[in-house]
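**Q** I'd like to ask you about the structure that follows.
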Amino acid sequence: MSQTHPYNPPIILEPDPQRRQNRIPGWYRFYIGDIEATIASDGRLRPDPPEAQFPQVGKETLHAILRRQHLPTDGLIMEQNCLVLRVDGRLVLFDVGIGQDRTIGSDETGRLLDNLAAASIAAGDISAVVLTHAHCDHCWGLVDESGLPNFPNAELFLSQAEFDFWTDETKISQSETMSLFIKGARNSLLPYRDRIRFVSDGDEFLPSVTAIASAGHSIGHMSYLIASGTERALILGDVAHSSALLFENPDWGFLFDYDDKQAVTTRRRLFERAVVEDLILIGYHFQFPGVGHIRRERDAFDYIPAPILHR
Ligand SMILES: [Zn+2]
C-alpha cells in the first residue's frame, strides 16, 4: 500500500504567469529631505543590442564594459523609472512611461498604473504630471487605449519647445519614425491641451521643484531639481540613458539624440554640477529604482547606486 508522506506532498510545477510579472520591478519608496518620493515602474523596454544604441562605439568596447559590470551584452537594460513626489499635499508625477502601446512597448511595459496602485497612489489624485521630454517612452502613458487621459485631474508641465516640436503635424511626412513619434505625441499631449503649463529654465513652478534646461537628447529636454532640507535631487530624464556606460564615457552620443554634441555638453555640465553640489541623481532608464550618486573618476565619472534604506 503506497502512502504519501504528510511532509512531502507531491509538488506539481505549472507555468505561472505571475513569475514573468514579478521579474519586472514594481515600486520603491524613499525620501528626498522631507519629501516622500516613490519610483513606480512602467516596466522595462525591449532590450536592443547595445551596439545599436551607441552606433559610434565599437561592439567589442561596449561588450567589454558590460561584461566587467556583470551585465548582459545582448541587450541594454532600459527601465522606465517614473517618480512621484508628495509635495505640499500634492502628488507630482515625473514622466509616465510608454503606456499601453505595443509597437515599441511589449508585454513587459505599460505597468505604471498598476504599480502606482500597488504603492497606494491613485491616478486621479495626481495633480501635476511633469515631462522631461515628449519621446514615446516618457509621454505615451498619458492616455489609455481609447485616448482618454489617465490622469484626469492633473495639470501637465513641459517646455514649450518640446511641445511645439512634437505636436507639429508637418513633420509627419519626414520619415516613418517621425510619423510614429509625432502622431503618438499628439495623441498623448493634446487631450491635456487646456491644462498645459510651459516651464522654462530656472522656474520654481511647483514648491521645491525647479526646471533646468537640458536640451540635446531632445530639442526642449528639461531636467528638474528637487530641494528639501539639506538634500537635493536631480531628475536627469534622458541626459544619460545608461549608468553602466555613460558615466565612464560621458562623451558618447546616443542613437536617438536630437543633437549629440549638445547632449554631451549638457551631460557633462549636469554631471559636474551633481559632483560639486553632491546631488542625488534619479535616472529614468537606469537599473531600478534608478536612484544614486556620482563621483569624479579621472576625466570622467562613476555612478554609485544608493543603498536601499528604510526610514
Ligand atoms: Zn527615454
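Chain labels run A, B, ... following the order of the C-alpha cells; each chain numbers its residues from 1, and ligands are numbered from 1 in the order shown.
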Could I get the residue neighbourhood of ligand 1 at 7 Å, counting only C-alpha atoms and all ligand atoms, as a list in words?

**A**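 Using only C-alpha atoms and all ligand atoms, everything at most 7 Å from ligand 1 comes to His135, Asp137, His138, Asp238 and His285 of chain A.
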
**Q** Can you tell me which residues surround Asp107 of chain A at a distance of at most 12 Å, considering only C-alpha atoms, apart from same-chain residues fewer than 2 positions away, and format the answer as an mmCIF file with all heavy atoms, in the first residue's frame?

**A**
data_model
loop_
_atom_site.group_PDB
_atom_site.id
_atom_site.type_symbol
_atom_site.label_atom_id
_atom_site.label_comp_id
_atom_site.auth_asym_id
_atom_site.auth_seq_id
_atom_site.Cartn_x
_atom_site.Cartn_y
_atom_site.Cartn_z
ATOM 1 N N PRO A 17 2.034 32.464 -14.703
ATOM 2 C CA PRO A 17 2.162 33.762 -15.386
ATOM 3 C C PRO A 17 2.710 34.840 -14.462
ATOM 4 O O PRO A 17 3.345 35.795 -14.912
ATOM 5 C CB PRO A 17 0.735 34.092 -15.827
ATOM 6 C CG PRO A 17 -0.159 33.093 -15.173
ATOM 7 C CD PRO A 17 0.669 31.943 -14.702
ATOM 8 N N ARG A 20 6.592 35.777 -14.582
ATOM 9 C CA ARG A 20 7.078 36.766 -15.531
ATOM 10 C C ARG A 20 6.771 38.181 -15.023
ATOM 11 O O ARG A 20 7.606 39.064 -15.061
ATOM 12 C CB ARG A 20 6.427 36.534 -16.897
ATOM 13 C CG ARG A 20 7.057 37.330 -18.012
ATOM 14 C CD ARG A 20 6.573 36.803 -19.357
ATOM 15 N NE ARG A 20 7.044 37.661 -20.424
ATOM 16 C CZ ARG A 20 8.256 37.615 -20.925
ATOM 17 N NH1 ARG A 20 9.130 36.759 -20.447
ATOM 18 N NH2 ARG A 20 8.626 38.429 -21.884
ATOM 19 N N GLN A 21 5.564 38.351 -14.530
ATOM 20 C CA GLN A 21 5.159 39.642 -13.977
ATOM 21 C C GLN A 21 6.147 40.092 -12.897
ATOM 22 O O GLN A 21 6.593 41.223 -12.866
ATOM 23 C CB GLN A 21 3.756 39.490 -13.373
ATOM 24 C CG GLN A 21 3.255 40.673 -12.559
ATOM 25 C CD GLN A 21 2.661 41.753 -13.425
ATOM 26 O OE1 GLN A 21 2.333 41.486 -14.576
ATOM 27 N NE2 GLN A 21 2.553 42.963 -12.917
ATOM 28 N N ARG A 23 9.176 39.380 -12.451
ATOM 29 C CA ARG A 23 10.551 39.592 -12.894
ATOM 30 C C ARG A 23 10.830 41.084 -13.086
ATOM 31 O O ARG A 23 11.958 41.522 -13.035
ATOM 32 C CB ARG A 23 10.752 38.852 -14.230
ATOM 33 C CG ARG A 23 12.166 38.430 -14.504
ATOM 34 C CD ARG A 23 12.136 37.365 -15.587
ATOM 35 N NE ARG A 23 11.693 37.893 -16.867
ATOM 36 C CZ ARG A 23 12.475 38.591 -17.686
ATOM 37 N NH1 ARG A 23 13.704 38.873 -17.366
ATOM 38 N NH2 ARG A 23 12.009 39.019 -18.841
ATOM 39 N N ILE A 24 9.784 41.865 -13.328
ATOM 40 C CA ILE A 24 9.920 43.296 -13.564
ATOM 41 C C ILE A 24 9.699 44.019 -12.237
ATOM 42 O O ILE A 24 8.718 43.772 -11.551
ATOM 43 C CB ILE A 24 8.854 43.775 -14.588
ATOM 44 C CG1 ILE A 24 8.935 42.932 -15.867
ATOM 45 C CG2 ILE A 24 9.022 45.246 -14.897
ATOM 46 C CD1 ILE A 24 10.198 43.065 -16.638
ATOM 47 N N ASP A 42 7.136 51.730 -15.128
ATOM 48 C CA ASP A 42 6.242 51.390 -16.241
ATOM 49 C C ASP A 42 6.754 50.142 -16.962
ATOM 50 O O ASP A 42 6.325 49.822 -18.051
ATOM 51 C CB ASP A 42 6.106 52.554 -17.220
ATOM 52 C CG ASP A 42 4.979 52.313 -18.224
ATOM 53 O OD1 ASP A 42 3.872 51.927 -17.791
ATOM 54 O OD2 ASP A 42 5.214 52.454 -19.447
ATOM 55 N N GLY A 43 7.714 49.489 -16.339
ATOM 56 C CA GLY A 43 8.250 48.269 -16.949
ATOM 57 C C GLY A 43 9.529 48.533 -17.724
ATOM 58 O O GLY A 43 9.985 49.670 -17.846
ATOM 59 N N ARG A 44 10.075 47.455 -18.227
ATOM 60 C CA ARG A 44 11.378 47.506 -18.893
ATOM 61 C C ARG A 44 11.168 47.504 -20.406
ATOM 62 O O ARG A 44 10.406 46.702 -20.938
ATOM 63 C CB ARG A 44 12.161 46.265 -18.468
ATOM 64 C CG ARG A 44 13.596 46.267 -18.834
ATOM 65 C CD ARG A 44 14.276 45.075 -18.175
ATOM 66 N NE ARG A 44 14.335 45.227 -16.727
ATOM 67 C CZ ARG A 44 14.443 44.207 -15.867
ATOM 68 N NH1 ARG A 44 14.467 42.973 -16.311
ATOM 69 N NH2 ARG A 44 14.517 44.430 -14.573
ATOM 70 N N LEU A 45 11.870 48.413 -21.076
ATOM 71 C CA LEU A 45 11.753 48.463 -22.542
ATOM 72 C C LEU A 45 12.465 47.268 -23.157
ATOM 73 O O LEU A 45 13.371 46.695 -22.552
ATOM 74 C CB LEU A 45 12.357 49.765 -23.067
ATOM 75 C CG LEU A 45 11.587 51.030 -22.678
ATOM 76 C CD1 LEU A 45 12.417 52.276 -22.985
ATOM 77 C CD2 LEU A 45 10.249 51.104 -23.406
ATOM 78 N N ARG A 46 12.065 46.923 -24.370
ATOM 79 C CA ARG A 46 12.693 45.794 -25.073
ATOM 80 C C ARG A 46 14.186 46.051 -25.223
ATOM 81 O O ARG A 46 14.579 47.122 -25.684
ATOM 82 C CB ARG A 46 12.076 45.665 -26.466
ATOM 83 C CG ARG A 46 11.217 44.440 -26.617
ATOM 84 C CD ARG A 46 10.739 44.346 -28.025
ATOM 85 N NE ARG A 46 9.648 45.309 -28.238
ATOM 86 C CZ ARG A 46 8.600 45.054 -29.015
ATOM 87 N NH1 ARG A 46 8.501 43.936 -29.634
ATOM 88 N NH2 ARG A 46 7.653 45.951 -29.183
ATOM 89 N N ILE A 98 5.664 54.366 -21.485
ATOM 90 C CA ILE A 98 5.140 54.202 -22.848
ATOM 91 C C ILE A 98 3.675 53.784 -22.845
ATOM 92 O O ILE A 98 3.002 53.809 -23.873
ATOM 93 C CB ILE A 98 6.013 53.207 -23.628
ATOM 94 C CG1 ILE A 98 5.804 53.359 -25.124
ATOM 95 C CG2 ILE A 98 5.777 51.767 -23.155
ATOM 96 C CD1 ILE A 98 6.911 52.833 -25.963
ATOM 97 N N GLY A 99 3.167 53.387 -21.677
ATOM 98 C CA GLY A 99 1.739 53.059 -21.586
ATOM 99 C C GLY A 99 1.382 51.781 -22.322
ATOM 100 O O GLY A 99 2.172 50.839 -22.370
ATOM 101 N N GLN A 100 0.186 51.770 -22.913
ATOM 102 C CA GLN A 100 -0.346 50.523 -23.470
ATOM 103 C C GLN A 100 0.117 50.225 -24.891
ATOM 104 O O GLN A 100 -0.258 49.200 -25.464
ATOM 105 C CB GLN A 100 -1.880 50.555 -23.415
ATOM 106 C CG GLN A 100 -2.422 50.645 -21.994
ATOM 107 C CD GLN A 100 -1.759 49.640 -21.055
ATOM 108 O OE1 GLN A 100 -1.684 48.449 -21.358
ATOM 109 N NE2 GLN A 100 -1.228 50.110 -19.926
ATOM 110 N N ASP A 101 0.931 51.084 -25.476
ATOM 111 C CA ASP A 101 1.421 50.844 -26.835
ATOM 112 C C ASP A 101 2.172 49.511 -26.911
ATOM 113 O O ASP A 101 2.904 49.149 -25.999
ATOM 114 C CB ASP A 101 2.370 51.976 -27.238
ATOM 115 C CG ASP A 101 3.154 51.623 -28.487
ATOM 116 O OD1 ASP A 101 2.587 51.751 -29.580
ATOM 117 O OD2 ASP A 101 4.312 51.170 -28.360
ATOM 118 N N ARG A 102 1.969 48.776 -28.024
ATOM 119 C CA ARG A 102 2.706 47.528 -28.203
ATOM 120 C C ARG A 102 3.528 47.531 -29.497
ATOM 121 O O ARG A 102 4.024 46.493 -29.918
ATOM 122 C CB ARG A 102 1.752 46.325 -28.205
ATOM 123 C CG ARG A 102 1.153 46.035 -26.822
ATOM 124 C CD ARG A 102 2.222 45.568 -25.824
ATOM 125 N NE ARG A 102 1.672 45.328 -24.503
ATOM 126 C CZ ARG A 102 1.573 46.246 -23.529
ATOM 127 N NH1 ARG A 102 2.000 47.485 -23.745
ATOM 128 N NH2 ARG A 102 1.071 45.951 -22.365
ATOM 129 N N THR A 103 3.655 48.713 -30.143
ATOM 130 C CA THR A 103 4.529 48.763 -31.318
ATOM 131 C C THR A 103 5.977 48.886 -30.870
ATOM 132 O O THR A 103 6.861 48.195 -31.371
ATOM 133 C CB THR A 103 4.177 49.952 -32.243
ATOM 134 O OG1 THR A 103 4.133 51.157 -31.448
ATOM 135 C CG2 THR A 103 2.852 49.764 -32.933
ATOM 136 N N ILE A 104 6.207 49.752 -29.884
ATOM 137 C CA ILE A 104 7.542 49.898 -29.302
ATOM 138 C C ILE A 104 7.546 49.233 -27.915
ATOM 139 O O ILE A 104 8.530 48.619 -27.516
ATOM 140 C CB ILE A 104 7.935 51.384 -29.212
ATOM 141 C CG1 ILE A 104 8.024 51.967 -30.633
ATOM 142 C CG2 ILE A 104 9.269 51.564 -28.470
ATOM 143 C CD1 ILE A 104 8.172 53.470 -30.684
ATOM 144 N N GLY A 105 6.447 49.339 -27.217
ATOM 145 C CA GLY A 105 6.312 48.672 -25.922
ATOM 146 C C GLY A 105 6.112 47.171 -26.109
ATOM 147 O O GLY A 105 6.057 46.657 -27.233
ATOM 148 N N THR A 109 5.950 46.145 -20.535
ATOM 149 C CA THR A 109 5.765 47.585 -20.292
ATOM 150 C C THR A 109 4.283 47.878 -20.040
ATOM 151 O O THR A 109 3.455 46.969 -20.058
ATOM 152 C CB THR A 109 6.282 48.420 -21.480
ATOM 153 O OG1 THR A 109 5.614 47.971 -22.670
ATOM 154 C CG2 THR A 109 7.780 48.275 -21.659
ATOM 155 N N GLY A 110 3.980 49.144 -19.791
ATOM 156 C CA GLY A 110 2.585 49.512 -19.528
ATOM 157 C C GLY A 110 2.157 49.184 -18.109
ATOM 158 O O GLY A 110 0.975 48.941 -17.845
ATOM 159 N N ARG A 111 3.113 49.201 -17.179
ATOM 160 C CA ARG A 111 2.834 48.766 -15.804
ATOM 161 C C ARG A 111 2.590 49.924 -14.838
ATOM 162 O O ARG A 111 2.384 49.699 -13.650
ATOM 163 C CB ARG A 111 4.041 47.971 -15.265
ATOM 164 C CG ARG A 111 4.470 46.804 -16.125
ATOM 165 C CD ARG A 111 3.552 45.611 -15.877
ATOM 166 N NE ARG A 111 3.880 44.488 -16.738
ATOM 167 C CZ ARG A 111 4.789 43.568 -16.435
ATOM 168 N NH1 ARG A 111 5.471 43.642 -15.331
ATOM 169 N NH2 ARG A 111 5.006 42.563 -17.256
#

**Q** Report, in Å to a single decimal, how far apart atom CA of Asp34 of chain A and atom CA of Arg273 of chain A are.

**A**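 Separation of atom CA of Arg273 of chain A and atom CA of Asp34 of chain A: 22.3 Å.
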
**Q** Would you mind telling me which residue in A:Asp201, A:Leu255, A:His241, A:Arg267 lies nearest to Pro55 of chain A when using only C-alpha atoms?

**A**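 Smallest separation from Pro55 of chain A among the options: A:Leu255.
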
**Q** Using only C-alpha atoms, which of the listed residues (A:Gln69, A:Ser228, A:Ser159, A:Asn153) sits closest to Ile212 of chain A?

**A**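 Using only C-alpha atoms, the shortest distance to Ile212 of chain A belongs to A:Ser159.
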
**Q** Using only C-alpha atoms for the distances, tell me which of A:Ser218, A:Ser106, A:Gln174, A:Thr73 is nearest to Lys261 of chain A.

**A**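 Using only C-alpha atoms, the shortest distance to Lys261 of chain A belongs to A:Ser218.
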
**Q** What's around His133 of chain A at 12 Å? Count only C-alpha atoms, leave out sequence neighbours fewer than 6 positions away in its own chain, and write the answer as a PyMOL selection string.

**A** chain A and resi 94-97+139-140+156-166+185+189+198-199+213-224+236-239+257-258+284

**Q** Using only C-alpha atoms, can you tell me which of A:Thr210, A:Asn115, A:Gln53, A:Thr230 comes closest to Ser41 of chain A?

**A** A:Asn115

**Q** Figure out the distance between atom CA of Ala37 of chain A and atom CA of Pro191 of chain A, please, to one decimal in Å.

**A** 27.1 Å

**Q** What is the atom CA of Val129 of chain A-atom CA of Glu155 of chain A distance in Å, reported with one decimal?

**A**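 Distance reported for this atom pair: 6.2 Å.
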
**Q** Would you give me, as a PyMOL selection string, the residues in segment 128-234 of chain A that DSSP reads as helix (DSSP H, G or I)?

**A** chain A and resi 136-142+160-166+169-173+176-195

**Q** Once you have the residues from the selection above, write them out as a short mmCIF file (atom, residue, chain, number, x, y, z; two decimals), in the first residue's frame, restricted to N, CA and C atoms.

**A**
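This is the output file part_16.cif:
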data_model
loop_
_atom_site.label_atom_id
_atom_site.label_comp_id
_atom_site.auth_asym_id
_atom_site.auth_seq_id
_atom_site.Cartn_x
_atom_site.Cartn_y
_atom_site.Cartn_z
N CYS A 136 8.32 58.77 -26.93
CA CYS A 136 7.26 57.78 -26.66
C CYS A 136 7.33 57.17 -25.26
N ASP A 137 8.54 56.87 -24.79
CA ASP A 137 8.68 56.16 -23.52
C ASP A 137 8.54 57.09 -22.31
N HIS A 138 8.25 58.37 -22.57
CA HIS A 138 8.09 59.33 -21.47
C HIS A 138 6.69 59.93 -21.43
N CYS A 139 5.97 59.91 -22.58
CA CYS A 139 4.66 60.59 -22.56
C CYS A 139 3.49 59.78 -23.10
N TRP A 140 3.72 58.66 -23.77
CA TRP A 140 2.57 57.96 -24.34
C TRP A 140 1.65 57.39 -23.28
N GLY A 141 2.17 57.20 -22.07
CA GLY A 141 1.33 56.69 -20.98
C GLY A 141 0.38 57.73 -20.41
N LEU A 142 0.35 58.93 -21.00
CA LEU A 142 -0.60 59.95 -20.52
C LEU A 142 -2.05 59.55 -20.78
N GLN A 160 7.95 74.55 -23.77
CA GLN A 160 7.19 74.89 -24.98
C GLN A 160 7.90 74.37 -26.24
N ALA A 161 9.23 74.41 -26.23
CA ALA A 161 9.98 73.93 -27.40
C ALA A 161 9.65 72.46 -27.67
N GLU A 162 9.55 71.69 -26.59
CA GLU A 162 9.27 70.26 -26.72
C GLU A 162 7.85 70.05 -27.25
N PHE A 163 6.91 70.78 -26.69
CA PHE A 163 5.51 70.66 -27.12
C PHE A 163 5.38 71.04 -28.59
N ASP A 164 5.98 72.17 -28.96
CA ASP A 164 5.82 72.67 -30.33
C ASP A 164 6.44 71.68 -31.34
N PHE A 165 7.61 71.14 -31.00
CA PHE A 165 8.30 70.24 -31.92
C PHE A 165 7.49 68.97 -32.17
N TRP A 166 7.01 68.35 -31.08
CA TRP A 166 6.41 67.02 -31.21
C TRP A 166 4.92 67.04 -31.55
N GLU A 169 2.37 68.79 -36.98
CA GLU A 169 1.89 67.81 -37.96
C GLU A 169 2.69 67.81 -39.26
N THR A 170 3.34 68.93 -39.57
CA THR A 170 4.05 68.99 -40.85
C THR A 170 5.25 68.04 -40.86
N LYS A 171 5.67 67.55 -39.71
CA LYS A 171 6.83 66.63 -39.66
C LYS A 171 6.44 65.18 -39.94
N ILE A 172 5.13 64.91 -40.01
CA ILE A 172 4.68 63.52 -40.16
C ILE A 172 5.24 62.89 -41.43
N SER A 173 5.39 63.71 -42.48
CA SER A 173 5.83 63.16 -43.77
C SER A 173 7.35 62.94 -43.82
N GLU A 176 9.12 57.45 -41.42
CA GLU A 176 8.19 56.56 -40.71
C GLU A 176 8.30 56.75 -39.19
N THR A 177 9.55 56.87 -38.71
CA THR A 177 9.78 57.04 -37.27
C THR A 177 9.15 58.34 -36.81
N MET A 178 9.42 59.40 -37.60
CA MET A 178 8.89 60.71 -37.23
C MET A 178 7.36 60.68 -37.20
N SER A 179 6.77 60.01 -38.18
CA SER A 179 5.32 59.91 -38.25
C SER A 179 4.77 59.23 -36.98
N LEU A 180 5.43 58.13 -36.59
CA LEU A 180 5.01 57.40 -35.39
C LEU A 180 5.12 58.27 -34.14
N PHE A 181 6.26 58.98 -34.02
CA PHE A 181 6.52 59.78 -32.82
C PHE A 181 5.59 61.00 -32.74
N ILE A 182 5.38 61.66 -33.88
CA ILE A 182 4.52 62.87 -33.88
C ILE A 182 3.08 62.47 -33.58
N LYS A 183 2.61 61.43 -34.26
CA LYS A 183 1.21 61.01 -34.02
C LYS A 183 1.04 60.58 -32.57
N GLY A 184 2.00 59.84 -32.05
CA GLY A 184 1.93 59.37 -30.65
C GLY A 184 1.95 60.53 -29.67
N ALA A 185 2.80 61.53 -29.93
CA ALA A 185 2.89 62.68 -29.02
C ALA A 185 1.60 63.50 -29.07
N ARG A 186 1.07 63.70 -30.28
CA ARG A 186 -0.19 64.47 -30.40
C ARG A 186 -1.33 63.74 -29.68
N ASN A 187 -1.37 62.43 -29.89
CA ASN A 187 -2.40 61.61 -29.25
C ASN A 187 -2.31 61.69 -27.72
N SER A 188 -1.09 61.84 -27.20
CA SER A 188 -0.89 61.84 -25.74
C SER A 188 -1.02 63.23 -25.13
N LEU A 189 -0.49 64.24 -25.81
CA LEU A 189 -0.42 65.59 -25.22
C LEU A 189 -1.71 66.39 -25.43
N LEU A 190 -2.30 66.26 -26.63
CA LEU A 190 -3.41 67.17 -26.95
C LEU A 190 -4.65 66.99 -26.07
N PRO A 191 -4.95 65.78 -25.57
CA PRO A 191 -6.09 65.69 -24.64
C PRO A 191 -5.91 66.53 -23.37
N TYR A 192 -4.67 66.98 -23.11
CA TYR A 192 -4.39 67.81 -21.93
C TYR A 192 -4.28 69.29 -22.31
N ARG A 193 -4.63 69.63 -23.53
CA ARG A 193 -4.28 70.96 -24.07
C ARG A 193 -4.79 72.13 -23.21
N ASP A 194 -5.92 71.92 -22.52
CA ASP A 194 -6.47 73.03 -21.71
C ASP A 194 -5.77 73.19 -20.38
N ARG A 195 -4.91 72.26 -20.03
CA ARG A 195 -4.24 72.36 -18.72
C ARG A 195 -2.74 72.12 -18.84
#

**Q** From the DSSP assignment of the backbone, select every residue of segment 83-258 of chain A that is strand (DSSP E), and format the answer as a PyMOL selection string.

**A** chain A and resi 83-87+90-94+126-130+155-158+196-198+204-206+209-213+222-228+231-237

**Q** Applying 10 Å and only C-alpha atoms, which residues near segment 269-272 of chain A remain after dropping the ones on its own chain fewer than 2 positions away? List them as a PyMOL selection string.

**A** chain A and resi 212+214+223+234+236+239-240+247+250+263-267+274-279+281+294-296+300-302

**Q** Could you list, as a list in words, every residue within 10 Å of Ser208 of chain A, counting only C-alpha atoms and ignoring same-chain residues fewer than 6 positions away?

**A**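 Residues near the query, excluding close chain neighbours: Ile35, Val87, Asp88, Tyr224, Leu225, Ile226, Ala227, Ser228, Gly229 and Arg232 of chain A.
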
**Q** How would the residues just picked look written out with all heavy atoms as an mmCIF file, in the first residue's frame?

**A**
data_model
loop_
_atom_site.group_PDB
_atom_site.id
_atom_site.type_symbol
_atom_site.label_atom_id
_atom_site.label_comp_id
_atom_site.auth_asym_id
_atom_site.auth_seq_id
_atom_site.Cartn_x
_atom_site.Cartn_y
_atom_site.Cartn_z
ATOM 1 N N ILE A 35 10.603 65.183 1.700
ATOM 2 C CA ILE A 35 9.614 64.870 0.654
ATOM 3 C C ILE A 35 9.559 63.359 0.422
ATOM 4 O O ILE A 35 10.586 62.723 0.154
ATOM 5 C CB ILE A 35 9.981 65.589 -0.665
ATOM 6 C CG1 ILE A 35 9.904 67.103 -0.476
ATOM 7 C CG2 ILE A 35 9.076 65.143 -1.800
ATOM 8 C CD1 ILE A 35 10.364 67.891 -1.683
ATOM 9 N N VAL A 87 4.439 66.647 -2.504
ATOM 10 C CA VAL A 87 4.930 67.962 -2.089
ATOM 11 C C VAL A 87 3.751 68.840 -1.691
ATOM 12 O O VAL A 87 2.838 69.026 -2.495
ATOM 13 C CB VAL A 87 5.644 68.709 -3.253
ATOM 14 C CG1 VAL A 87 6.802 69.525 -2.743
ATOM 15 C CG2 VAL A 87 6.091 67.796 -4.352
ATOM 16 N N ASP A 88 3.813 69.391 -0.504
ATOM 17 C CA ASP A 88 2.748 70.284 -0.025
ATOM 18 C C ASP A 88 1.361 69.673 -0.210
ATOM 19 O O ASP A 88 0.424 70.347 -0.653
ATOM 20 C CB ASP A 88 2.804 71.618 -0.805
ATOM 21 C CG ASP A 88 3.691 72.623 -0.082
ATOM 22 O OD1 ASP A 88 4.402 72.223 0.863
ATOM 23 O OD2 ASP A 88 3.656 73.806 -0.472
ATOM 24 N N TYR A 224 15.032 68.373 -13.701
ATOM 25 C CA TYR A 224 14.358 69.047 -12.586
ATOM 26 C C TYR A 224 15.140 68.847 -11.299
ATOM 27 O O TYR A 224 15.625 67.739 -11.026
ATOM 28 C CB TYR A 224 12.926 68.517 -12.442
ATOM 29 C CG TYR A 224 12.103 68.774 -13.688
ATOM 30 C CD1 TYR A 224 11.927 67.777 -14.651
ATOM 31 C CD2 TYR A 224 11.563 70.035 -13.926
ATOM 32 C CE1 TYR A 224 11.205 68.035 -15.819
ATOM 33 C CE2 TYR A 224 10.838 70.291 -15.086
ATOM 34 C CZ TYR A 224 10.673 69.289 -16.035
ATOM 35 O OH TYR A 224 9.978 69.542 -17.187
ATOM 36 N N LEU A 225 15.270 69.947 -10.555
ATOM 37 C CA LEU A 225 15.972 69.901 -9.277
ATOM 38 C C LEU A 225 14.935 69.918 -8.154
ATOM 39 O O LEU A 225 14.048 70.772 -8.134
ATOM 40 C CB LEU A 225 16.901 71.115 -9.161
ATOM 41 C CG LEU A 225 17.880 71.078 -8.000
ATOM 42 C CD1 LEU A 225 18.957 70.024 -8.240
ATOM 43 C CD2 LEU A 225 18.529 72.442 -7.796
ATOM 44 N N ILE A 226 15.066 68.968 -7.245
ATOM 45 C CA ILE A 226 14.155 68.874 -6.094
ATOM 46 C C ILE A 226 14.955 69.238 -4.856
ATOM 47 O O ILE A 226 16.030 68.669 -4.624
ATOM 48 C CB ILE A 226 13.635 67.419 -5.915
ATOM 49 C CG1 ILE A 226 13.192 66.812 -7.248
ATOM 50 C CG2 ILE A 226 12.532 67.356 -4.869
ATOM 51 C CD1 ILE A 226 12.132 67.571 -7.960
ATOM 52 N N ALA A 227 14.460 70.176 -4.060
ATOM 53 C CA ALA A 227 15.205 70.609 -2.875
ATOM 54 C C ALA A 227 14.322 70.499 -1.651
ATOM 55 O O ALA A 227 13.184 70.989 -1.635
ATOM 56 C CB ALA A 227 15.671 72.055 -3.050
ATOM 57 N N SER A 228 14.846 69.832 -0.621
ATOM 58 C CA SER A 228 14.117 69.752 0.641
ATOM 59 C C SER A 228 15.116 69.585 1.777
ATOM 60 O O SER A 228 15.926 68.650 1.762
ATOM 61 C CB SER A 228 13.139 68.574 0.622
ATOM 62 O OG SER A 228 12.564 68.407 1.906
ATOM 63 N N GLY A 229 15.060 70.489 2.741
ATOM 64 C CA GLY A 229 16.027 70.431 3.842
ATOM 65 C C GLY A 229 17.441 70.542 3.299
ATOM 66 O O GLY A 229 17.734 71.403 2.470
ATOM 67 N N ARG A 232 19.200 67.541 -1.975
ATOM 68 C CA ARG A 232 18.719 67.957 -3.289
ATOM 69 C C ARG A 232 18.914 66.813 -4.271
ATOM 70 O O ARG A 232 19.921 66.102 -4.222
ATOM 71 C CB ARG A 232 19.467 69.207 -3.759
ATOM 72 C CG ARG A 232 19.141 70.395 -2.837
ATOM 73 C CD ARG A 232 19.471 71.699 -3.451
ATOM 74 N NE ARG A 232 20.890 71.794 -3.738
ATOM 75 C CZ ARG A 232 21.390 72.668 -4.598
ATOM 76 N NH1 ARG A 232 20.609 73.491 -5.252
ATOM 77 N NH2 ARG A 232 22.682 72.715 -4.786
#

**Q** Given the choices A:Ser242, A:Ala40, A:Ser127, A:Glu145, which gets closest to Gly75 of chain A if the distance is worked out from only C-alpha atoms?

**A**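 Among A:Ser242, A:Ala40, A:Ser127, A:Glu145, it is A:Ser242 that comes nearest to Gly75 of chain A.
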